[in-house]
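Below is query23.txt, holding compact mmCIF, C-alpha atoms.
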# COMPACT_ATOMS: atom_id res chain seq x y z
CA MET A 1 0.00 0.00 0.00
CA PHE A 2 2.84 2.37 0.82
CA GLU A 3 4.96 1.71 -2.27
CA HIS A 4 2.28 1.14 -4.90
CA GLY A 5 -1.20 2.54 -5.35
CA PHE A 6 -4.21 0.36 -6.00
CA PHE A 7 -5.13 2.33 -9.10
CA GLY A 8 -1.63 2.19 -10.57
CA ASN A 9 -1.29 -1.55 -9.99
CA VAL A 10 -4.66 -2.31 -11.53
CA LEU A 11 -4.00 -0.15 -14.60
CA SER A 12 -0.59 -1.71 -15.17
CA LYS A 13 -2.08 -5.18 -14.96
CA TYR A 14 -4.88 -4.45 -17.42
CA TYR A 15 -2.78 -2.48 -19.90
CA GLU A 16 -0.38 -5.43 -20.16
CA THR A 17 -3.30 -7.60 -21.23
CA GLY A 18 -4.63 -5.00 -23.72
CA ALA A 19 -7.79 -4.18 -21.75
CA THR A 20 -9.27 -0.67 -21.62
CA ALA A 21 -8.93 1.79 -18.77
CA THR A 22 -12.59 1.25 -17.90
CA ASP A 23 -11.88 -2.45 -17.46
CA ALA A 24 -8.97 -1.48 -15.24
CA VAL A 25 -11.13 0.65 -13.00
CA SER A 26 -13.65 -2.15 -12.72
CA GLY A 27 -10.85 -4.31 -11.34
CA ILE A 28 -10.67 -2.27 -8.15
CA THR A 29 -12.35 -4.18 -5.36
CA ALA A 30 -15.03 -2.73 -3.12
CA GLY A 31 -12.69 -2.95 -0.14
CA GLU A 32 -10.00 -0.92 -1.92
CA PHE A 33 -12.58 1.63 -3.06
CA PHE A 34 -14.05 2.18 0.39
CA LEU A 35 -10.58 2.29 1.95
CA CYS A 36 -9.47 5.08 -0.41
CA ILE A 37 -12.67 7.07 0.07
CA GLY A 38 -12.73 6.49 3.84
CA VAL A 39 -9.15 7.66 4.31
CA ALA A 40 -9.89 10.72 2.13
CA VAL A 41 -12.85 11.60 4.38
CA ILE A 42 -10.75 11.21 7.53
CA LEU A 43 -7.85 13.24 6.16
CA GLY A 44 -10.22 15.97 4.97
CA PHE A 45 -11.76 16.14 8.44
CA PHE A 46 -8.38 16.46 10.15
CA ILE A 47 -7.21 19.04 7.59
CA SER A 48 -10.29 21.10 8.49
CA LEU A 49 -9.40 20.81 12.18
CA ILE A 50 -5.88 22.07 11.48
CA TYR A 51 -7.34 24.91 9.42
CA MET A 52 -9.62 25.96 12.29
CA ALA A 53 -6.80 25.67 14.83
CA THR A 54 -4.50 27.88 12.76
CA HIS A 55 -7.19 30.49 12.05
CA LYS A 56 -8.58 31.10 15.55
CA LYS A 57 -7.21 34.62 15.76
CA GLU A 58 -8.11 35.93 12.32
CA GLY A 59 -11.34 33.97 11.97
CA TYR A 60 -12.57 31.61 9.27
CA SER A 61 -15.59 30.88 7.14
CA GLN A 62 -17.72 27.82 7.94
CA SER A 63 -18.18 27.14 4.23
CA TYR A 64 -14.39 27.00 3.82
CA VAL A 65 -14.16 24.42 6.61
CA PHE A 66 -16.74 22.28 4.82
CA THR A 67 -14.69 22.65 1.64
CA MET A 68 -11.64 21.21 3.37
CA VAL A 69 -13.63 18.09 4.25
CA MET A 70 -15.22 17.66 0.82
CA LEU A 71 -12.25 18.28 -1.48
CA PRO A 72 -10.15 15.17 -0.72
CA VAL A 73 -13.21 12.93 -1.16
CA ILE A 74 -14.23 14.56 -4.43
CA VAL A 75 -10.74 14.38 -5.90
CA ALA A 76 -10.29 10.78 -4.78
CA MET A 77 -13.58 9.89 -6.46
CA ILE A 78 -12.55 11.59 -9.71
CA LEU A 79 -9.28 9.70 -9.76
CA LEU A 80 -10.99 6.38 -9.09
CA LEU A 81 -13.64 6.74 -11.79
CA ILE A 82 -12.03 8.61 -14.68
CA ASN A 83 -10.53 6.53 -17.46
CA THR A 84 -6.83 7.44 -17.29
CA PRO A 85 -4.53 8.73 -14.55
CA ALA A 86 -3.30 11.55 -16.81
CA GLY A 87 -6.86 12.71 -17.50
CA ALA A 88 -7.78 12.45 -13.85
CA LEU A 89 -4.81 14.49 -12.72
CA SER A 90 -5.52 17.16 -15.35
CA LEU A 91 -9.14 17.43 -14.27
CA ALA A 92 -8.20 17.54 -10.60
CA GLY A 93 -5.63 20.25 -11.26
CA ALA A 94 -8.14 22.39 -13.14
CA PHE A 95 -10.66 21.90 -10.35
CA THR A 96 -8.36 23.58 -7.81
CA LEU A 97 -8.50 26.87 -9.73
CA VAL A 98 -12.26 27.25 -10.01
CA ARG A 99 -12.87 29.09 -6.73
CA PHE A 100 -9.99 31.52 -7.10
CA ARG A 101 -10.83 32.69 -10.60
CA SER A 102 -13.83 34.57 -9.21
CA VAL A 103 -12.93 35.21 -5.55
CA ALA A 104 -9.62 36.64 -4.39
CA GLY A 105 -8.26 34.34 -1.71
CA ASP A 106 -5.67 34.60 1.02
CA PRO A 107 -2.45 32.83 -0.08
CA LYS A 108 -2.61 30.61 3.01
CA ASP A 109 -6.17 29.61 2.16
CA ILE A 110 -5.08 28.72 -1.37
CA ALA A 111 -2.30 26.57 0.10
CA TYR A 112 -4.88 24.72 2.21
CA ILE A 113 -6.87 24.01 -0.97
CA PHE A 114 -3.80 22.37 -2.49
CA PHE A 115 -3.14 20.56 0.79
CA ALA A 116 -6.60 18.98 0.63
CA MET A 117 -6.27 18.31 -3.12
CA SER A 118 -2.91 16.57 -2.67
CA ALA A 119 -4.27 14.34 0.09
CA GLY A 120 -7.26 13.44 -2.09
CA THR A 121 -5.02 12.72 -5.07
CA ALA A 122 -2.85 10.34 -3.05
CA CYS A 123 -5.94 8.55 -1.73
CA GLY A 124 -7.52 8.36 -5.18
CA LEU A 125 -4.43 6.70 -6.61
CA GLY A 126 -4.31 4.28 -3.70
CA TYR A 127 -1.18 5.66 -2.05
CA ILE A 128 -2.73 5.52 1.41
CA GLY A 129 0.57 5.36 3.26
CA PHE A 130 1.97 8.35 1.40
CA ALA A 131 -1.25 10.29 2.03
CA ILE A 132 -1.09 9.70 5.78
CA VAL A 133 2.63 10.54 6.04
CA PHE A 134 2.12 13.65 3.91
CA PHE A 135 -0.78 14.79 6.09
CA LEU A 136 1.10 14.21 9.35
CA ALA A 137 4.25 15.99 8.17
CA LEU A 138 2.57 19.07 6.72
CA GLY A 139 -0.13 19.21 9.41
CA ILE A 140 2.42 19.25 12.22
CA ILE A 141 4.48 21.92 10.44
CA LEU A 142 1.44 24.16 9.91
CA TYR A 143 0.30 23.77 13.51
CA LEU A 144 3.78 24.56 14.90
CA PHE A 145 4.13 27.59 12.63
CA SER A 146 0.77 28.89 13.85
CA THR A 147 1.54 28.17 17.52
CA PHE A 148 4.87 30.01 17.44
CA ASN A 149 3.50 32.76 15.14
CA PHE A 150 6.21 32.09 12.58
CA GLY A 151 6.83 34.94 10.13
CA ALA A 152 4.38 37.33 11.81
CA CYS A 153 4.84 41.07 11.34
CA LYS A 154 5.12 43.35 14.34
CA SER A 155 2.58 45.69 12.79
CA SER A 156 -0.85 45.25 11.21
CA HIS A 157 -1.63 46.43 7.69
CA MET A 158 -4.96 48.23 8.00
CA THR A 159 -7.27 50.61 6.18
CA LEU A 160 -8.25 53.83 7.96
CA LYS A 161 -11.39 55.66 6.86
CA ILE A 162 -12.04 59.15 8.27
CA ALA A 163 -15.23 61.12 7.61
CA ILE A 164 -14.86 64.91 7.67
CA PRO A 165 -17.16 67.90 7.01
CA GLU A 166 -17.00 69.31 3.50
CA ASN A 167 -15.63 72.65 4.79
CA LEU A 168 -12.63 71.11 6.61
CA ASP A 169 -9.28 71.54 4.86
CA TYR A 170 -7.82 68.10 5.52
CA GLN A 171 -4.35 68.78 4.12
CA GLY A 172 -1.90 68.04 6.94
CA VAL A 173 -4.59 68.01 9.66
CA PHE A 174 -4.19 64.34 10.61
CA GLU A 175 -0.45 64.01 9.93
CA PRO A 176 0.75 64.57 13.56
CA VAL A 177 -1.54 61.84 14.91
CA LEU A 178 -0.73 59.44 12.07
CA ASN A 179 3.01 60.00 12.56
CA LYS A 180 2.59 59.29 16.28
CA TYR A 181 0.61 56.05 16.06
CA THR A 182 1.63 54.43 12.75
CA ASN A 183 4.84 53.19 11.19
CA PHE A 184 3.57 54.03 7.73
CA HIS A 185 0.59 55.88 6.31
CA ARG A 186 -0.49 57.03 2.88
CA LEU A 187 -3.63 58.74 1.66
CA ARG A 188 -5.04 56.41 -0.99
CA ARG A 189 -8.35 57.98 -1.90
CA VAL A 190 -10.65 60.91 -1.16
CA LYS A 191 -14.34 60.67 -1.99
CA THR A 192 -17.55 62.52 -1.18
CA THR A 193 -20.43 60.88 0.70
CA ASN A 194 -23.90 61.77 1.96
CA PHE A 195 -24.77 63.73 -1.21
CA GLY A 196 -21.55 65.72 -1.06
CA THR A 197 -21.99 67.02 2.48
CA LEU A 198 -19.12 64.87 3.78
CA PHE A 199 -15.70 63.78 2.60
CA GLU A 200 -14.17 60.39 3.34
CA LEU A 201 -10.38 60.02 3.53
CA ILE A 202 -9.05 56.52 3.01
CA TYR A 203 -5.54 55.75 4.27
CA SER A 204 -3.35 52.68 4.15
CA VAL A 205 -1.62 52.42 7.54
CA ASP A 206 0.77 50.11 9.36
CA VAL A 207 -0.23 50.07 13.02
CA PRO A 208 2.28 48.57 15.52
CA ASP A 209 0.86 45.80 17.71
CA SER A 210 1.76 47.83 20.80
CA THR A 211 -0.42 50.79 19.71
CA ASP A 212 -3.43 51.66 21.84
CA GLN A 213 -5.99 51.79 19.05
CA LYS A 214 -8.62 53.48 21.23
CA LYS A 215 -6.31 56.41 21.96
CA PHE A 216 -5.39 56.53 18.30
CA ILE A 217 -9.04 56.80 17.25
CA ASP A 218 -9.88 59.24 20.08
CA GLU A 219 -7.19 61.66 18.94
CA LEU A 220 -8.45 61.44 15.36
CA ARG A 221 -12.00 62.16 16.56
CA THR A 222 -10.90 65.43 18.12
CA LEU A 223 -9.70 66.53 14.69
CA ASN A 224 -12.63 65.44 12.51
CA GLY A 225 -15.43 66.81 14.70
CA ASN A 226 -16.23 63.46 16.34
CA MET A 227 -17.47 62.00 13.06
CA THR A 228 -17.23 58.42 11.86
CA ILE A 229 -13.83 56.69 11.85
CA ASN A 230 -13.27 53.11 10.64
CA LEU A 231 -10.09 51.12 11.25
CA VAL A 232 -10.46 47.98 9.13
CA LEU A 233 -8.36 44.81 9.10
CA PHE A 234 -10.71 42.22 7.57
CA ARG A 235 -13.27 42.64 4.80
CA TYR A 236 -15.37 39.57 5.42
CA ASP A 237 -18.37 39.48 7.77
CA ASP A 238 -19.06 35.71 7.82
CA LYS A 239 -16.09 34.76 9.97
CA ILE A 240 -16.10 32.78 13.20
CA TYR A 241 -13.88 34.01 16.02
CA GLU A 242 -12.77 31.92 18.97
CA SER A 243 -11.31 33.06 22.25

Structure re-expressed in structure tokens:
Amino acid sequence: MFEHGFFGNVLSKYYETGATATDAVSGITAGEFFLCIGVAVILGFFISLIYMATHKKEGYSQSYVFTMVMLPVIVAMILLLINTPAGALSLAGAFTLVRFRSVAGDPKDIAYIFFAMSAGTACGLGYIGFAIVFFLALGIILYLFSTFNFGACKSSHMTLKIAIPENLDYQGVFEPVLNKYTNFHRLRRVKTTNFGTLFELIYSVDVPDSTDQKKFIDELRTLNGNMTINLVLFRYDDKIYES
């Protein structure tokens, strides 16, 4: 099981005799089929657990967790039923790109997609031992990296939105406060809101982790007439946060 996959062995056997790929697939026993699918389900479940454990701080989408469970099973099924290994691998590879052609994803989330796809591919080809070893190795590495906060920046990249009255000359007004509380700031956009009665300034800022964000916002409020201020880190509203 560790050195040779069920699918590869069956195909080799049937190709030597001149049989078709469909005949080869039919040579897979029910026990081998359920073993491959069962291991894919289990690995997908544990991959989803690792994903949740490594995303407690920044939050995660429930639908994405379900995706982690489903992907290995779906890919394993494709590889078991399609006629040739080359065709199956091509289809599985194309399948990984569907979500991210329409929705911009976090690079780490994309890596988890490939993690699940790789586990499903190994299971679908019958390389159960390789699939388990691959999952354990990469799963432990990801969990340790998350636990020790490997590669984390000491500042947060955020978007600051400040509403101001239309008669306020904003040039240089907020610079002293921004210089005090941020490592970097740049005015990205100015737009009118509320039928032109208000302006909205949109900054890109790097806020150090040690910054008291309440004091930062309070000092900005004294300059914009106590109007709306948004300090945004995440754009998605359907995230689950754990303490």

Using only C-alpha atoms and a cutoff of 10 Å, can you tell me which residues are near (-3.3, 54.9, 3.3) in the file's coordinates, and write them out as a ChimeraX atom specification? /A:157-161,184-189,201-206

Just the selected residues (C-alpha atoms), exported as a PDB file, keeping the file's coordinate frame, please.
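Once written, selection-v3.pdb looks like this:
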ATOM      1  CA  HIS A 157      -1.630  46.430   7.690  1.00  0.00           C
ATOM      2  CA  MET A 158      -4.960  48.230   8.000  1.00  0.00           C
ATOM      3  CA  THR A 159      -7.270  50.610   6.180  1.00  0.00           C
ATOM      4  CA  LEU A 160      -8.250  53.830   7.960  1.00  0.00           C
ATOM      5  CA  LYS A 161     -11.390  55.660   6.860  1.00  0.00           C
ATOM      6  CA  PHE A 184       3.570  54.030   7.730  1.00  0.00           C
ATOM      7  CA  HIS A 185       0.590  55.880   6.310  1.00  0.00           C
ATOM      8  CA  ARG A 186      -0.490  57.030   2.880  1.00  0.00           C
ATOM      9  CA  LEU A 187      -3.630  58.740   1.660  1.00  0.00           C
ATOM     10  CA  ARG A 188      -5.040  56.410  -0.990  1.00  0.00           C
ATOM     11  CA  ARG A 189      -8.350  57.980  -1.900  1.00  0.00           C
ATOM     12  CA  LEU A 201     -10.380  60.020   3.530  1.00  0.00           C
ATOM     13  CA  ILE A 202      -9.050  56.520   3.010  1.00  0.00           C
ATOM     14  CA  TYR A 203      -5.540  55.750   4.270  1.00  0.00           C
ATOM     15  CA  SER A 204      -3.350  52.680   4.150  1.00  0.00           C
ATOM     16  CA  VAL A 205      -1.620  52.420   7.540  1.00  0.00           C
ATOM     17  CA  ASP A 206       0.770  50.110   9.360  1.00  0.00           C
TER      18      ASP A 206
END

Quick one: everything within 8 Å of stretch 217-220 of chain A, counting only C-alpha atoms, minus sequence neighbours fewer than 3 positions away in the same chain. Send it as a list in words.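 Non-adjacent residues within range: Phe174, Val177, Gln213, Lys214, Leu223, Asn224 and Ile229 of chain A.
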
Atom CA of A:Phe145 to atom CA of A:Val207: how many Å, to one decimal?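 That distance, rounded to one decimal, is 22.9 Å.
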
Give me the residues near A:Gly31 as an MDAnalysis selection string, where near means some atom within 12 Å (using only C-alpha atoms) and where sequence neighbours in that chain fewer than 5 positions away do not count. chainID A and resid 6 36:38 126

Quick one: write out the picked residues with C-alpha atoms as a tab-separated table (two decimals), keeping the file's coordinate frame?
chain	number	residue	atom	x	y	z
A	6	PHE	CA	-4.21	0.36	-6.00
A	36	CYS	CA	-9.47	5.08	-0.41
A	37	ILE	CA	-12.67	7.07	0.07
A	38	GLY	CA	-12.73	6.49	3.84
A	126	GLY	CA	-4.31	4.28	-3.70

A:Val133 environment, 12 Å, only C-alpha atoms, sequence neighbours closer than 6 positions dropped, as a compact mmCIF listing (two decimals) with C-alpha atoms, keeping the file's coordinate frame:
# COMPACT_ATOMS: atom_id res chain seq x y z
CA PHE A 2 2.84 2.37 0.82
CA LEU A 43 -7.85 13.24 6.16
CA SER A 118 -2.91 16.57 -2.67
CA ALA A 119 -4.27 14.34 0.09
CA ALA A 122 -2.85 10.34 -3.05
CA CYS A 123 -5.94 8.55 -1.73
CA TYR A 127 -1.18 5.66 -2.05
CA GLY A 139 -0.13 19.21 9.41
CA ILE A 140 2.42 19.25 12.22

For a test of reading the model, state the distance in Å between atom CA of A:Leu178 and atom CA of A:Lys57, rounded to one decimal.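 Going from atom CA of A:Leu178 over to atom CA of A:Lys57, I get 25.9 Å.
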
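With atom CA of A:Glu166 on one side and atom CA of A:Leu198 on the other, the separation reads 4.9 Å.
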
With distances taken over all atoms listed in the file, which of A:Leu125, A:Ile82, A:Ile110, A:Met52 is nearest to A:Val39? A:Leu125

Restricting the calculation to all atoms listed in the file: of A:Ser63, A:Ser48, A:Thr197, A:Thr121, which residue gets closest to A:Ala76?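 Residue with the minimum atom-to-atom distance to A:Ala76: A:Thr121.
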
Find, counting all atoms listed in the file, the residue in A:Thr228, A:Thr222, A:Leu35, A:Lys154 that gets nearest to A:Ile128. A:Leu35

Between A:Ala116, A:Arg221, A:Phe33, A:Ala53, which one has atoms that come closest to A:Met68, using all atoms listed in the file?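 Looking only at the distances to A:Met68, the closest residue turns out to be A:Ala116.
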
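Proximity to A:Leu233 was assessed for A:Ser146, A:Val73, A:Gly59, A:Pro107 counting all atoms listed in the file; the smallest distance is recorded for A:Gly59.
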